[in-house]
Amino acid sequence: MQKSIDVSDWPTNFDFAQDEICQHTFKPFIESELKLLEEYDAQRPKDTNYIFHKHAPRVAEDVRDTCAHLGLAPHICENMYWALLPHDIGKRKLPLYLWDMKDKPTDDIRQLRRSHTDIGAEMVEKKFTDIDHPFKDLLIAIIHHHHEQMDGNGYLGLTGDQLSMPVRLAAIVESFDGYRVWRPHFGDRDISVEGVLKRMRNEKGASHYDMDLFEAFASMKLAQKSPSPKKSQPLRISPDQRRQDP
Ligand SMILES: [Fe+2]
Ligand SMILES: [Fe+2]
């Protein structure tokens with residue numbers, strides 16, 4: 001039996017598809033940034049597997065599907081989709097040589113790569129200095145914190161109590177997608193959906209992830225693979241949350 005999820009800090013109070021600022025300000029920014037990320041990817045070696053502008057929509061779609069699986073309202077799912085699309089935009093500001101190495105990256109290289117979260121958050125802050133909007137806050141939180149861990153051993157050392165539900169979900173889906181794309185240092189690691197979920201559950205677990213959200217995500221992913229029409233039964237959520245409109 002799946003348990004109910006605390007949905008208190010999901011983005012309930014606006015609707016990206018209807019909101020003027022989202023449609024006329026944030027959406028063009030996100031689309032333009034993804035285009036620039038695509039141009040950045042085009043300069044990388046042709047045999048690169050982990051292509052940033054393709055990773056972005058996969059993560060955004062999986063987050064949207066997990067939110068739907070949790071029984072969250074459609075506008076919340078959509079808000080989350082748009083907030084995830086630009087989560088790695090900071091990467092394009094870093095030198096190309098950092099990304100496509102045959103060997104396991106050194107600590108210095110890893111440190112430089114990690115700065116994409118600071119850079120991305122700063123890009124949004126600078127671009128939208130004069131705008132006060134809940135989507136901006138969501139966007140910055142996700143861009144800045146999507147590599148944090150529940151135990152505080154992520155990029156910035158934030159702990160679970162400092163991470164919102166959207167950020168916790170972003171961290172899960174983001175790392176799942178990363179583990180699904182084979183890279184040279186993976187060797188013969190199992191990168192099937194089941195293999196990656198098993199690795200995340202057994203080797204990372206509660207020290208890395210919010211396990212309630214992880215299990216919701218895992219059940220959504222496995223349901224996607226199942227031919228059964230019963231595949232996407234939403235989790236139970238409280239009646240209050242079902243009534244939350246923008
Ligand atoms: Fe990232
Ligand atoms: Fe990512």
# chains A, B, ... in the order shown; residues from 1 in each chain; ligands from 1
$ residues_near_ligand --ligand "ligand 2" --cutoff "7 Å" --atoms "only C-alpha atoms and all ligand atoms" --output "list in words"
His55, Ala56, His87, Asp88 and Glu174 of chain A
$ write_last_selection --atoms "N, CA and C atoms" --output "mmCIF file, in the first residue's frame"
data_model
loop_
_atom_site.group_PDB
_atom_site.id
_atom_site.type_symbol
_atom_site.label_atom_id
_atom_site.label_comp_id
_atom_site.auth_asym_id
_atom_site.auth_seq_id
_atom_site.Cartn_x
_atom_site.Cartn_y
_atom_site.Cartn_z
ATOM 1 N N HIS A 55 18.544 15.631 -21.834
ATOM 2 C CA HIS A 55 18.336 15.237 -20.426
ATOM 3 C C HIS A 55 17.236 16.108 -19.799
ATOM 4 N N ALA A 56 17.242 17.400 -20.120
ATOM 5 C CA ALA A 56 16.323 18.349 -19.475
ATOM 6 C C ALA A 56 14.841 17.975 -19.651
ATOM 7 N N HIS A 87 16.818 23.249 -15.349
ATOM 8 C CA HIS A 87 17.564 23.033 -14.098
ATOM 9 C C HIS A 87 19.092 23.027 -14.291
ATOM 10 N N ASP A 88 19.558 22.723 -15.515
ATOM 11 C CA ASP A 88 21.013 22.650 -15.735
ATOM 12 C C ASP A 88 21.552 23.763 -16.634
ATOM 13 N N GLU A 174 16.454 13.712 -11.344
ATOM 14 C CA GLU A 174 17.705 14.153 -11.962
ATOM 15 C C GLU A 174 18.774 13.054 -11.869
#
$ residues_near_ligand --ligand "ligand 1" --cutoff "9 Å" --atoms "only C-alpha atoms and all ligand atoms" --output "ChimeraX atom specification"
/A:87-91,113-114,116-117,143-147,171,174-175
$ write_last_selection --atoms "C-alpha atoms" --output "PDB file, in the first residue's frame"
ATOM      1  CA  HIS A  87      17.564  23.033 -14.098  1.00  0.00           C
ATOM      2  CA  ASP A  88      21.013  22.650 -15.735  1.00  0.00           C
ATOM      3  CA  ILE A  89      21.291  25.921 -17.676  1.00  0.00           C
ATOM      4  CA  GLY A  90      24.397  26.880 -15.718  1.00  0.00           C
ATOM      5  CA  LYS A  91      26.349  24.133 -17.504  1.00  0.00           C
ATOM      6  CA  ARG A 113      31.180  20.944 -12.749  1.00  0.00           C
ATOM      7  CA  ARG A 114      29.323  21.390  -9.499  1.00  0.00           C
ATOM      8  CA  HIS A 116      26.629  24.858 -12.551  1.00  0.00           C
ATOM      9  CA  THR A 117      24.020  25.049  -9.785  1.00  0.00           C
ATOM     10  CA  ILE A 143      18.316  25.087 -10.126  1.00  0.00           C
ATOM     11  CA  HIS A 144      20.338  25.793  -7.017  1.00  0.00           C
ATOM     12  CA  HIS A 145      19.510  22.702  -4.955  1.00  0.00           C
ATOM     13  CA  HIS A 146      18.833  19.818  -7.330  1.00  0.00           C
ATOM     14  CA  HIS A 147      22.077  18.089  -6.304  1.00  0.00           C
ATOM     15  CA  ALA A 171      17.075  15.488  -6.937  1.00  0.00           C
ATOM     16  CA  GLU A 174      17.705  14.153 -11.962  1.00  0.00           C
ATOM     17  CA  SER A 175      20.022  11.464 -10.604  1.00  0.00           C
TER      18      SER A 175
END
$ residues_around --residues "A:Arg189" --least-positions-apart "6" --cutoff "12 Å" --atoms "only C-alpha atoms" --output "ChimeraX atom specification"
/A:179-183,195-196,198-199
$ select_by_dssp --residues "stretch 44-116 of chain A" --states "alpha helix (DSSP H)" --output "PDB file with C-alpha atoms, in the first residue's frame"
ATOM      1  CA  PHE A  52      22.217  18.156 -21.678  1.00  0.00           C
ATOM      2  CA  HIS A  53      19.367  19.591 -23.740  1.00  0.00           C
ATOM      3  CA  LYS A  54      17.903  16.084 -24.111  1.00  0.00           C
ATOM      4  CA  HIS A  55      18.336  15.237 -20.426  1.00  0.00           C
ATOM      5  CA  ALA A  56      16.323  18.349 -19.475  1.00  0.00           C
ATOM      6  CA  PRO A  57      12.926  17.392 -21.010  1.00  0.00           C
ATOM      7  CA  ARG A  58      13.279  13.760 -19.876  1.00  0.00           C
ATOM      8  CA  VAL A  59      13.704  14.929 -16.295  1.00  0.00           C
ATOM      9  CA  ALA A  60      10.916  17.498 -16.615  1.00  0.00           C
ATOM     10  CA  GLU A  61       8.526  14.878 -18.023  1.00  0.00           C
ATOM     11  CA  ASP A  62       9.366  12.338 -15.337  1.00  0.00           C
ATOM     12  CA  VAL A  63       8.803  14.954 -12.644  1.00  0.00           C
ATOM     13  CA  ARG A  64       5.476  15.916 -14.193  1.00  0.00           C
ATOM     14  CA  ASP A  65       4.446  12.248 -14.385  1.00  0.00           C
ATOM     15  CA  THR A  66       5.467  11.623 -10.787  1.00  0.00           C
ATOM     16  CA  CYS A  67       3.410  14.604  -9.630  1.00  0.00           C
ATOM     17  CA  ALA A  68       0.416  13.219 -11.525  1.00  0.00           C
ATOM     18  CA  HIS A  69       1.080   9.811  -9.984  1.00  0.00           C
ATOM     19  CA  PRO A  74      -2.716  19.208 -13.200  1.00  0.00           C
ATOM     20  CA  HIS A  75      -1.524  22.794 -12.846  1.00  0.00           C
ATOM     21  CA  ILE A  76       0.975  21.748 -10.162  1.00  0.00           C
ATOM     22  CA  CYS A  77       2.320  19.024 -12.479  1.00  0.00           C
ATOM     23  CA  GLU A  78       2.684  21.594 -15.257  1.00  0.00           C
ATOM     24  CA  ASN A  79       4.335  24.146 -12.978  1.00  0.00           C
ATOM     25  CA  MET A  80       6.869  21.504 -11.988  1.00  0.00           C
ATOM     26  CA  TYR A  81       7.500  20.549 -15.626  1.00  0.00           C
ATOM     27  CA  TRP A  82       8.471  24.115 -16.537  1.00  0.00           C
ATOM     28  CA  ALA A  83      10.565  24.534 -13.406  1.00  0.00           C
ATOM     29  CA  LEU A  84      12.619  21.423 -14.243  1.00  0.00           C
ATOM     30  CA  ASP A 107      38.060  16.266  -7.619  1.00  0.00           C
ATOM     31  CA  ASP A 108      39.006  19.577  -9.234  1.00  0.00           C
ATOM     32  CA  ILE A 109      37.001  18.813 -12.341  1.00  0.00           C
ATOM     33  CA  ARG A 110      34.090  17.655 -10.227  1.00  0.00           C
ATOM     34  CA  GLN A 111      34.210  20.874  -8.220  1.00  0.00           C
ATOM     35  CA  LEU A 112      34.071  22.979 -11.367  1.00  0.00           C
ATOM     36  CA  ARG A 113      31.180  20.944 -12.749  1.00  0.00           C
ATOM     37  CA  ARG A 114      29.323  21.390  -9.499  1.00  0.00           C
ATOM     38  CA  HIS A 116      26.629  24.858 -12.551  1.00  0.00           C
TER      39      HIS A 116
END
$ atom_distance --atom1 "atom CA of A:Gly154" --atom2 "atom CA of A:Glu122"
18.7 Å
$ atom_distance --atom1 "atom CA of A:His24" --atom2 "atom CA of A:Ala42"
27.7 Å
$ atom_distance --atom1 "atom CA of A:Lys93" --atom2 "atom CA of A:Glu125"
15.3 Å
